[in-house]
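Below is query34.cif, holding mmCIF, C-alpha atoms.
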data_structure
#
loop_
_atom_site.group_PDB
_atom_site.id
_atom_site.type_symbol
_atom_site.label_atom_id
_atom_site.label_comp_id
_atom_site.auth_asym_id
_atom_site.auth_seq_id
_atom_site.Cartn_x
_atom_site.Cartn_y
_atom_site.Cartn_z
ATOM 1 C CA MET A 884 145.288 64.365 -108.367
ATOM 2 C CA THR A 885 147.167 65.334 -105.178
ATOM 3 C CA GLU A 886 145.951 68.101 -102.874
ATOM 4 C CA GLN A 887 148.741 70.399 -104.071
ATOM 5 C CA GLU A 888 147.828 69.817 -107.730
ATOM 6 C CA LEU A 889 144.193 70.394 -106.884
ATOM 7 C CA LEU A 890 144.978 73.661 -105.098
ATOM 8 C CA SER A 891 147.238 74.814 -107.897
ATOM 9 C CA GLY A 892 144.520 74.106 -110.472
ATOM 10 C CA LEU A 893 141.907 75.915 -108.375
ATOM 11 C CA ARG A 894 144.134 78.961 -107.988
ATOM 12 C CA ASN A 895 144.553 79.061 -111.772
ATOM 13 C CA GLY A 896 140.774 78.890 -112.205
ATOM 14 C CA GLU A 897 140.882 75.528 -114.002
ATOM 15 C CA GLU A 898 137.473 73.887 -114.316
ATOM 16 C CA PRO A 899 138.714 70.240 -114.132
ATOM 17 C CA ALA A 900 140.277 71.032 -110.741
ATOM 18 C CA PHE A 901 137.037 72.555 -109.492
ATOM 19 C CA LYS A 902 135.050 69.573 -110.765
ATOM 20 C CA GLU A 903 137.478 67.229 -108.979
ATOM 21 C CA LEU A 904 137.085 69.220 -105.749
ATOM 22 C CA VAL A 905 133.278 69.022 -105.963
ATOM 23 C CA THR A 906 133.449 65.272 -106.683
ATOM 24 C CA GLN A 907 135.716 64.703 -103.680
ATOM 25 C CA PHE A 908 133.780 66.786 -101.182
ATOM 26 C CA ARG A 909 130.126 67.043 -102.307
ATOM 27 C CA ASP A 910 128.898 64.128 -100.144
ATOM 28 C CA LYS A 911 130.808 65.313 -97.070
ATOM 29 C CA VAL A 912 129.519 68.872 -97.444
ATOM 30 C CA PHE A 913 125.945 67.781 -98.200
ATOM 31 C CA ASN A 914 125.811 65.245 -95.347
ATOM 32 C CA THR A 915 127.104 67.812 -92.832
ATOM 33 C CA ALA A 916 124.717 70.526 -94.031
ATOM 34 C CA LEU A 917 121.824 68.046 -93.978
ATOM 35 C CA GLY A 918 122.632 67.005 -90.405
ATOM 36 C CA LEU A 919 122.641 70.630 -89.267
ATOM 37 C CA LEU A 920 119.749 71.989 -91.348
ATOM 38 C CA GLN A 921 117.548 68.853 -91.418
ATOM 39 C CA HIS A 922 116.071 69.895 -94.768
ATOM 40 C CA HIS A 923 117.093 68.398 -98.144
ATOM 41 C CA ALA A 924 116.562 71.437 -100.398
ATOM 42 C CA GLU A 925 118.184 73.837 -97.928
ATOM 43 C CA ALA A 926 121.136 71.468 -97.476
ATOM 44 C CA GLU A 927 121.669 71.320 -101.247
ATOM 45 C CA ASP A 928 121.418 75.089 -101.532
ATOM 46 C CA THR A 929 123.924 75.552 -98.708
ATOM 47 C CA ALA A 930 126.274 72.952 -100.204
ATOM 48 C CA GLN A 931 126.263 74.939 -103.459
ATOM 49 C CA GLU A 932 127.048 78.133 -101.536
ATOM 50 C CA VAL A 933 129.968 76.354 -99.845
ATOM 51 C CA PHE A 934 131.569 75.417 -103.186
ATOM 52 C CA ILE A 935 130.997 78.904 -104.595
ATOM 53 C CA GLN A 936 132.721 80.345 -101.511
ATOM 54 C CA VAL A 937 135.609 77.874 -101.870
ATOM 55 C CA TYR A 938 136.017 78.787 -105.556
ATOM 56 C CA ARG A 939 136.003 82.533 -104.840
ATOM 57 C CA SER A 940 138.256 82.536 -101.796
ATOM 58 C CA ILE A 941 140.743 79.790 -102.636
ATOM 59 C CA ASP A 942 143.519 82.429 -102.627
ATOM 60 C CA LYS A 943 142.805 83.073 -98.939
ATOM 61 C CA PHE A 944 143.491 79.422 -98.096
ATOM 62 C CA LYS A 945 147.064 79.459 -96.796
ATOM 63 C CA GLY A 946 147.358 75.756 -96.061
ATOM 64 C CA ASP A 947 147.539 76.187 -92.269
ATOM 65 C CA SER A 948 145.015 73.372 -91.972
ATOM 66 C CA ALA A 949 143.975 70.531 -94.269
ATOM 67 C CA LEU A 950 141.780 71.484 -97.219
ATOM 68 C CA SER A 951 139.011 69.241 -95.833
ATOM 69 C CA THR A 952 139.112 71.104 -92.477
ATOM 70 C CA TRP A 953 138.758 74.439 -94.273
ATOM 71 C CA ILE A 954 135.814 73.173 -96.346
ATOM 72 C CA TYR A 955 134.078 71.659 -93.299
ATOM 73 C CA ARG A 956 134.541 74.995 -91.488
ATOM 74 C CA ILE A 957 132.878 76.881 -94.348
ATOM 75 C CA THR A 958 130.061 74.309 -94.365
ATOM 76 C CA VAL A 959 129.406 74.698 -90.636
ATOM 77 C CA THR A 960 129.510 78.517 -90.864
ATOM 78 C CA LYS A 961 127.158 78.646 -93.866
ATOM 79 C CA SER A 962 124.729 76.171 -92.281
ATOM 80 C CA LEU A 963 124.603 78.039 -88.970
ATOM 81 C CA ASP A 964 124.157 81.370 -90.818
ATOM 82 C CA HIS A 965 121.247 79.819 -92.703
ATOM 83 C CA LEU A 966 119.661 78.622 -89.450
ATOM 84 C CA ARG A 967 120.053 82.083 -87.869
ATOM 85 C CA ARG A 968 118.398 83.752 -90.888
ATOM 86 C CA LYS A 969 115.572 81.225 -90.688
ATOM 87 C CA THR A 970 115.053 81.893 -86.971
ATOM 88 C CA ARG A 971 114.966 85.656 -87.596
ATOM 89 C CA LYS A 972 112.356 85.171 -90.334
ATOM 90 C CA LYS A 973 110.244 83.003 -88.020
ATOM 91 C CA ARG A 974 110.382 85.632 -85.266
ATOM 92 C CA PHE A 975 109.442 88.367 -87.722
ATOM 93 C CA GLY A 976 106.587 86.181 -89.027
ATOM 94 C CA PHE A 977 105.337 85.633 -85.481
ATOM 95 C CA LEU A 978 105.421 89.382 -84.741
ATOM 96 C CA SER A 979 103.649 90.124 -88.014
ATOM 97 C CA SER A 980 100.889 87.670 -87.146
ATOM 98 C CA LEU A 981 100.546 89.246 -83.684
ATOM 99 C CA LEU A 982 100.258 92.689 -85.239
ATOM 100 C CA GLY A 983 97.605 91.441 -87.641
ATOM 101 C CA GLU A 984 99.640 92.138 -90.776
ATOM 102 C CA ASP A 985 99.633 88.545 -91.858
ATOM 103 C CA ASN A 986 97.136 85.905 -90.816
ATOM 104 C CA ARG A 987 99.001 82.925 -92.244
ATOM 105 C CA LEU A 988 100.102 80.205 -89.893
ATOM 106 C CA ILE A 989 103.828 80.025 -89.332
ATOM 107 C CA HIS A 990 105.065 77.008 -91.213
ATOM 108 C CA GLU A 991 106.766 74.459 -89.011
ATOM 109 C CA PRO A 992 108.575 71.700 -90.896
ATOM 110 C CA GLY A 993 107.513 68.164 -90.180
ATOM 111 C CA ASP A 994 109.737 65.436 -88.742
ATOM 112 C CA PHE A 995 113.037 65.156 -90.545
ATOM 113 C CA ASP A 996 113.659 61.853 -92.278
ATOM 114 C CA HIS A 997 117.384 61.264 -92.765
ATOM 115 C CA PRO A 998 117.924 58.944 -95.760
ATOM 116 C CA GLY A 999 120.656 56.979 -93.962
ATOM 117 C CA VAL A 1000 118.592 55.894 -90.950
ATOM 118 C CA GLN A 1001 117.662 52.215 -90.705
ATOM 119 C CA GLN A 1002 113.991 51.548 -91.455
ATOM 120 C CA GLU A 1003 113.113 50.199 -87.973
ATOM 121 C CA ARG A 1004 114.673 53.241 -86.282
ATOM 122 C CA LYS A 1005 113.114 55.975 -88.417
ATOM 123 C CA GLU A 1006 110.564 57.125 -85.823
ATOM 124 C CA ASP A 1007 113.070 57.303 -82.966
ATOM 125 C CA ALA A 1008 115.653 58.985 -85.207
ATOM 126 C CA ALA A 1009 113.131 61.646 -86.273
ATOM 127 C CA MET A 1010 112.444 62.405 -82.604
ATOM 128 C CA LEU A 1011 116.170 62.546 -81.836
ATOM 129 C CA PHE A 1012 116.820 64.929 -84.766
ATOM 130 C CA LYS A 1013 114.066 67.188 -83.435
ATOM 131 C CA MET A 1014 115.826 67.275 -80.057
ATOM 132 C CA ILE A 1015 119.199 67.898 -81.751
ATOM 133 C CA SER A 1016 117.737 70.973 -83.456
ATOM 134 C CA GLN A 1017 116.917 72.404 -80.001
ATOM 135 C CA LEU A 1018 120.498 72.111 -78.707
ATOM 136 C CA PRO A 1019 122.752 75.189 -78.448
ATOM 137 C CA GLU A 1020 124.724 75.826 -81.678
ATOM 138 C CA ASN A 1021 128.123 74.565 -80.506
ATOM 139 C CA GLN A 1022 126.692 71.360 -78.974
ATOM 140 C CA ARG A 1023 124.571 70.697 -82.068
ATOM 141 C CA THR A 1024 127.538 71.208 -84.398
ATOM 142 C CA THR A 1025 129.796 68.920 -82.367
ATOM 143 C CA PHE A 1026 127.129 66.227 -82.109
ATOM 144 C CA VAL A 1027 126.394 66.300 -85.868
ATOM 145 C CA LEU A 1028 130.073 66.236 -86.854
ATOM 146 C CA LYS A 1029 130.640 63.253 -84.544
ATOM 147 C CA LYS A 1030 127.454 61.204 -84.979
ATOM 148 C CA VAL A 1031 126.324 62.083 -88.505
ATOM 149 C CA GLU A 1032 129.639 62.772 -90.259
ATOM 150 C CA GLU A 1033 131.641 60.424 -87.992
ATOM 151 C CA LEU A 1034 134.681 62.688 -87.685
ATOM 152 C CA SER A 1035 137.365 62.154 -85.056
ATOM 153 C CA TYR A 1036 137.813 64.437 -82.031
ATOM 154 C CA ARG A 1037 140.970 65.791 -83.643
ATOM 155 C CA GLU A 1038 139.192 66.699 -86.890
ATOM 156 C CA ILE A 1039 136.275 68.332 -85.040
ATOM 157 C CA ALA A 1040 138.680 70.300 -82.856
ATOM 158 C CA ALA A 1041 140.499 71.579 -85.968
ATOM 159 C CA ILE A 1042 137.228 72.575 -87.653
ATOM 160 C CA LEU A 1043 135.889 74.402 -84.603
ATOM 161 C CA ASN A 1044 139.284 75.923 -83.712
ATOM 162 C CA THR A 1045 139.233 74.418 -80.246
ATOM 163 C CA SER A 1046 140.874 71.631 -78.229
ATOM 164 C CA GLU A 1047 139.959 67.945 -78.218
ATOM 165 C CA ALA A 1048 139.073 68.261 -74.534
ATOM 166 C CA ALA A 1049 136.598 71.025 -75.369
ATOM 167 C CA VAL A 1050 135.066 68.830 -78.082
ATOM 168 C CA ASP A 1051 134.659 65.983 -75.594
ATOM 169 C CA SER A 1052 133.041 68.351 -73.091
ATOM 170 C CA LEU A 1053 130.613 69.703 -75.712
ATOM 171 C CA LEU A 1054 129.701 66.187 -76.785
ATOM 172 C CA GLN A 1055 129.037 65.043 -73.203
ATOM 173 C CA ARG A 1056 126.858 68.091 -72.550
ATOM 174 C CA ALA A 1057 124.971 67.502 -75.801
ATOM 175 C CA LYS A 1058 124.291 63.888 -74.792
ATOM 176 C CA GLN A 1059 123.170 64.949 -71.305
ATOM 177 C CA ASN A 1060 120.774 67.516 -72.768
ATOM 178 C CA LEU A 1061 119.388 65.020 -75.267
ATOM 179 C CA ARG A 1062 118.836 62.367 -72.541
ATOM 180 C CA LYS A 1063 117.061 64.942 -70.404
ATOM 181 C CA LYS A 1064 114.824 66.071 -73.282
ATOM 182 C CA LEU A 1065 114.021 62.473 -74.231
ATOM 183 C CA SER A 1066 113.148 61.555 -70.627
ATOM 184 C CA GLU A 1067 110.686 64.464 -70.497
ATOM 185 C CA LEU A 1068 108.720 63.058 -73.420
ATOM 186 C CA PRO A 1069 105.388 61.373 -72.633
ATOM 187 C CA PRO A 1070 105.661 57.532 -72.664
ATOM 188 C CA MET B 204 119.759 57.838 -78.110
ATOM 189 C CA ASN B 205 120.994 54.866 -80.102
ATOM 190 C CA SER B 206 118.710 55.471 -83.051
ATOM 191 C CA LEU B 207 121.552 57.086 -85.030
ATOM 192 C CA ASN B 208 123.823 54.068 -84.632
ATOM 193 C CA GLY B 209 124.638 52.574 -88.008
ATOM 194 C CA LEU B 210 123.538 55.769 -89.750
ATOM 195 C CA LYS B 211 124.593 55.812 -93.399
ATOM 196 C CA LYS B 212 125.941 59.066 -94.771
ATOM 197 C CA ALA B 213 123.644 60.987 -97.092
ATOM 198 C CA GLU B 214 124.848 61.496 -100.653
ATOM 199 C CA ALA B 215 124.585 64.708 -102.600
ATOM 200 C CA PRO B 216 121.663 64.750 -105.058
ATOM 201 C CA GLU B 217 122.095 63.751 -108.684
ATOM 202 C CA PHE B 218 123.262 66.458 -111.103
ATOM 203 C CA PHE B 219 124.681 68.450 -108.174
ATOM 204 C CA TYR B 220 127.634 69.698 -110.238
ATOM 205 C CA THR B 221 125.416 70.683 -113.182
ATOM 206 C CA ARG B 222 123.141 72.746 -110.945
ATOM 207 C CA LEU B 223 126.132 74.289 -109.180
ATOM 208 C CA SER B 224 127.734 75.311 -112.518
ATOM 209 C CA GLY B 225 124.445 76.829 -113.699
ATOM 210 C CA ARG B 226 124.129 78.855 -110.512
ATOM 211 C CA MET B 227 127.708 80.094 -110.743
ATOM 212 C CA GLN B 228 127.205 81.238 -114.341
ATOM 213 C CA ASN B 229 123.997 83.066 -113.420
ATOM 214 C CA GLU B 230 125.697 84.787 -110.507
ATOM 215 C CA THR B 231 128.694 85.988 -112.533
ATOM 216 C CA GLU B 232 126.775 87.494 -115.507
ATOM 217 C CA PRO B 233 125.456 90.644 -113.749
ATOM 218 C CA VAL B 234 128.963 91.308 -112.405
ATOM 219 C CA ARG B 235 130.311 91.333 -115.959
ATOM 220 C CA LYS B 236 127.728 93.935 -117.035
ATOM 221 C CA THR B 237 128.586 96.174 -114.101
ATOM 222 C CA SER B 238 132.319 95.782 -114.643
ATOM 223 C CA PHE B 239 131.882 96.755 -118.308
ATOM 224 C CA LEU B 240 130.182 99.993 -117.251
ATOM 225 C CA LEU B 241 132.928 100.692 -114.722
ATOM 226 C CA ARG B 242 135.829 100.281 -117.165
ATOM 227 C CA PRO B 243 138.213 103.265 -116.712
ATOM 228 C CA ALA B 244 138.314 104.072 -120.459
ATOM 229 C CA LEU B 245 134.514 104.310 -120.633
ATOM 230 C CA VAL B 246 134.213 106.332 -117.426
ATOM 231 C CA THR B 247 136.945 108.790 -118.578
ATOM 232 C CA ALA B 248 135.328 109.221 -122.012
ATOM 233 C CA VAL B 249 131.877 109.911 -120.530
ATOM 234 C CA LEU B 250 133.279 112.391 -118.006
ATOM 235 C CA SER B 251 135.284 114.176 -120.771
ATOM 236 C CA VAL B 252 132.166 114.554 -122.949
ATOM 237 C CA VAL B 253 130.199 115.981 -119.998
ATOM 238 C CA LEU B 254 133.049 118.413 -119.221
ATOM 239 C CA VAL B 255 133.329 119.598 -122.856
ATOM 240 C CA LEU B 256 129.546 120.139 -123.054
ATOM 241 C CA ASN B 257 129.692 122.196 -119.864
ATOM 242 C CA VAL B 258 132.521 124.394 -121.173
ATOM 243 C CA ILE B 259 130.739 124.956 -124.527
ATOM 244 C CA SER B 260 127.474 125.921 -122.829
ATOM 245 C CA LEU B 261 129.357 128.309 -120.510
ATOM 246 C CA ILE B 262 131.109 130.004 -123.452
ATOM 247 C CA LYS B 263 127.854 130.303 -125.425
ATOM 248 C CA THR B 264 126.082 131.856 -122.430
ATOM 249 C CA ASN B 265 128.795 134.507 -122.012
ATOM 250 C CA GLU B 266 128.836 135.321 -125.747
ATOM 251 C CA GLN B 267 125.123 136.313 -125.884
ATOM 252 C CA PRO B 268 124.928 140.183 -126.113
ATOM 253 C CA VAL B 269 122.707 142.041 -123.683
ATOM 254 C CA ASN B 270 119.974 143.576 -125.841
ATOM 255 C CA SER B 271 119.598 147.110 -124.464
ATOM 256 C CA ASN B 272 117.159 148.195 -127.211
ATOM 257 C CA LYS B 273 114.443 145.985 -125.902
ATOM 258 C CA PRO B 274 112.426 147.562 -123.104
ATOM 259 C CA ALA B 275 112.409 145.838 -119.787
ATOM 260 C CA GLY B 276 109.506 143.548 -119.011
ATOM 261 C CA ILE B 277 107.282 145.901 -117.022
ATOM 262 C CA GLU B 278 107.871 148.852 -119.407
ATOM 263 C CA ALA B 279 106.966 146.743 -122.419
ATOM 264 C CA PHE B 280 103.807 145.605 -120.661
ATOM 265 C CA ALA B 281 102.802 149.204 -119.821
ATOM 266 C CA GLU B 282 103.510 150.325 -123.388
ATOM 267 C CA ALA B 283 101.473 147.502 -124.901
ATOM 268 C CA TYR B 284 98.407 148.335 -122.804
ATOM 269 C CA ASN B 285 98.727 152.139 -123.025
ATOM 270 C CA MET B 286 99.561 152.402 -119.380
ATOM 271 C CA ASP B 287 102.543 154.686 -119.901
ATOM 272 C CA GLY B 288 101.156 157.457 -117.635
ATOM 273 C CA SER B 289 99.240 159.547 -120.274
ATOM 274 C CA SER B 290 95.544 160.069 -119.409
ATOM 275 C CA VAL B 291 92.699 159.255 -121.758
ATOM 276 C CA TYR B 292 91.362 162.812 -121.109
ATOM 277 C CA GLU B 293 94.428 164.429 -122.611
#
What is this structure when it is put down as structure tokens?
Amino acid sequence: MTEQELLSGLRNGEEPAFKELVTQFRDKVFNTALGLLQHHAEAEDTAQEVFIQVYRSIDKFKGDSALSTWIYRITVTKSLDHLRRKTRKKRFGFLSSLLGEDNRLIHEPGDFDHPGVQQERKEDAAMLFKMISQLPENQRTTFVLKKVEELSYREIAAILNTSEAAVDSLLQRAKQNLRKKLSELPP
Amino acid sequence: MNSLNGLKKAEAPEFFYTRLSGRMQNETEPVRKTSFLLRPALVTAVLSVVLVLNVISLIKTNEQPVNSNKPAGIEAFAEAYNMDGSSVYE
């Protein structure tokens, strides 16, 4: 099925077209969401939200960019929204505990274990993912799209609506920050 | 920094499409119920019935005659308890 046929089927609300879209993009969407969220269940939930959004707003897709670019953009937006909501909840939980309304400990997730990491590198990779989660949003997104999803500078620039030079700059800054954070760790 | 070299891409969980379809069906059902209640024919019919009931009740209220034979509240009370001004010594 070509992209045009796929789009035509989606616009007509045909289920086989939607199923084909999910089959083509589910791994890309899930892998990107997992890299950003570092949580399997939340990544799956976000991936579902991405496809629901695509299904509902397919008429708004004008074809100015590739379909994959549009879907990646929705994935990044949904994942970052999820992270912002999570941060707000954590802050509210912290305030509640300070005010004595809730004595529960704030749950901090353990080290993230990406299923694609080689066995002998799991410990180092978990530490690196922890550092990635502390990067500013735009650096984190660029780093994940490049290192986890292995997209080209051109694709990342299209997704983030920026230039390839800006992508390169973000990536260099992300690497600098990660090196600095890693060097501050106790030996 | 090199620990992500050779990273394999994660695959979506099994039955992803099945779970997605289930979620989409669950999310669309309440919308259908609401849209049924908001159908123009139903809304117009309900509003017409309410309007007709209002007009009927207004007409009925205006038709009720004012009963001038009945004494007013305080006079009836005074009459019932022999408090109409005549003294017990009379």
*Take the PyMOL selection byres ((chain A and resi 1005-1016) around 8), apply it to the structure above, and return the hits as an NGL selection string.*
(:A and (919 or 921 or 994-997 or 1000-1004 or 1017-1018 or 1023 or 1061 or 1064-1065)) or (:B and (204 or 206-207))
_For a test of reading the model, state the distance in Å between atom CA of A:Ile1039 and atom CA of A:Ser951, rounded to one decimal._
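Going from atom CA of A:Ile1039 over to atom CA of A:Ser951 covers 11.2 Å.
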Once you count all atoms listed in the file, what closest atom pair and distance in Å to one decimal does each residue of chain B within 6 Å of chain A have, with rows by chain and rising residue number, as CSV?
residue,atom,partner,partner_atom,distance
B:Ser206,CA,A:Ala1008,CA,5.1
B:Leu210,CA,A:Val1000,CA,5.1
B:Lys211,CA,A:Gly999,CA,4.1
B:Lys212,CA,A:Gly999,CA,5.7
B:Ala213,CA,A:Asn914,CA,5.1
B:Glu214,CA,A:Asp910,CA,4.9
B:Ala215,CA,A:Asp910,CA,5.0
B:Leu223,CA,A:Gln931,CA,5.8
*Quick one: residues within 7 Å of stretch 958-969 of chain A, all atoms listed in the file counted, chain neighbours fewer than 3 positions away excluded, as a list in words?*
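Answer for this query is Val912, Ala916, Leu919, Leu920, Thr929, Val933, Ile954, Tyr955, Lys972 and Lys973 of chain A.
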*asked:* Let me make sure I understand: among A:Ser940, A:Ser1066, A:Asn1044, A:Gln1059, which one has the smallest atom-to-atom distance to A:Leu890 if we use all atoms listed in the file?
replied: A:Ser940
Can you turn the PyMOL selection byres ((chain A and resi 886) around 12) into a concrete residue list for this file, as a tab-separated table (two decimals) with C-alpha atoms, in the coordinates of the input?
chain	number	residue	atom	x	y	z
A	884	MET	CA	145.29	64.36	-108.37
A	885	THR	CA	147.17	65.33	-105.18
A	887	GLN	CA	148.74	70.40	-104.07
A	888	GLU	CA	147.83	69.82	-107.73
A	889	LEU	CA	144.19	70.39	-106.88
A	890	LEU	CA	144.98	73.66	-105.10
A	891	SER	CA	147.24	74.81	-107.90
A	892	GLY	CA	144.52	74.11	-110.47
A	893	LEU	CA	141.91	75.92	-108.38
A	900	ALA	CA	140.28	71.03	-110.74
A	901	PHE	CA	137.04	72.56	-109.49
A	903	GLU	CA	137.48	67.23	-108.98
A	904	LEU	CA	137.08	69.22	-105.75
A	907	GLN	CA	135.72	64.70	-103.68
A	946	GLY	CA	147.36	75.76	-96.06
A	949	ALA	CA	143.98	70.53	-94.27
A	950	LEU	CA	141.78	71.48	-97.22
A	951	SER	CA	139.01	69.24	-95.83
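Pairwise distance (atom CA of B:Pro216, atom CA of B:Glu230) equals 21.2 Å.
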*Point-to-point distance in Å for atom CA of B:Gly276 and atom CA of B:Ile259*: 28.8 Å
*Apply the PyMOL selection byres ((chain A and resi 1049) around 12) to the displayed file and report the matching residues as a list of chain:residue names.*
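Output of the PyMOL selection byres ((chain A and resi 1049) around 12): A:Asn1021, A:Gln1022, A:Thr1025, A:Tyr1036, A:Arg1037, A:Ile1039, A:Ala1040, A:Ala1041, A:Leu1043, A:Asn1044, A:Thr1045, A:Ser1046, A:Glu1047, A:Ala1048, A:Val1050, A:Asp1051, A:Ser1052, A:Leu1053, A:Leu1054, A:Gln1055, A:Arg1056.
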Centre, edges in Å (one decimal): axis-aligned box, stretch 948-954 of chain A, 5 Å padding on all six sides, as JSON:
{"center_x": 140.4, "center_y": 71.8, "center_z": -94.6, "size_x": 19.2, "size_y": 15.2, "size_z": 15.2}
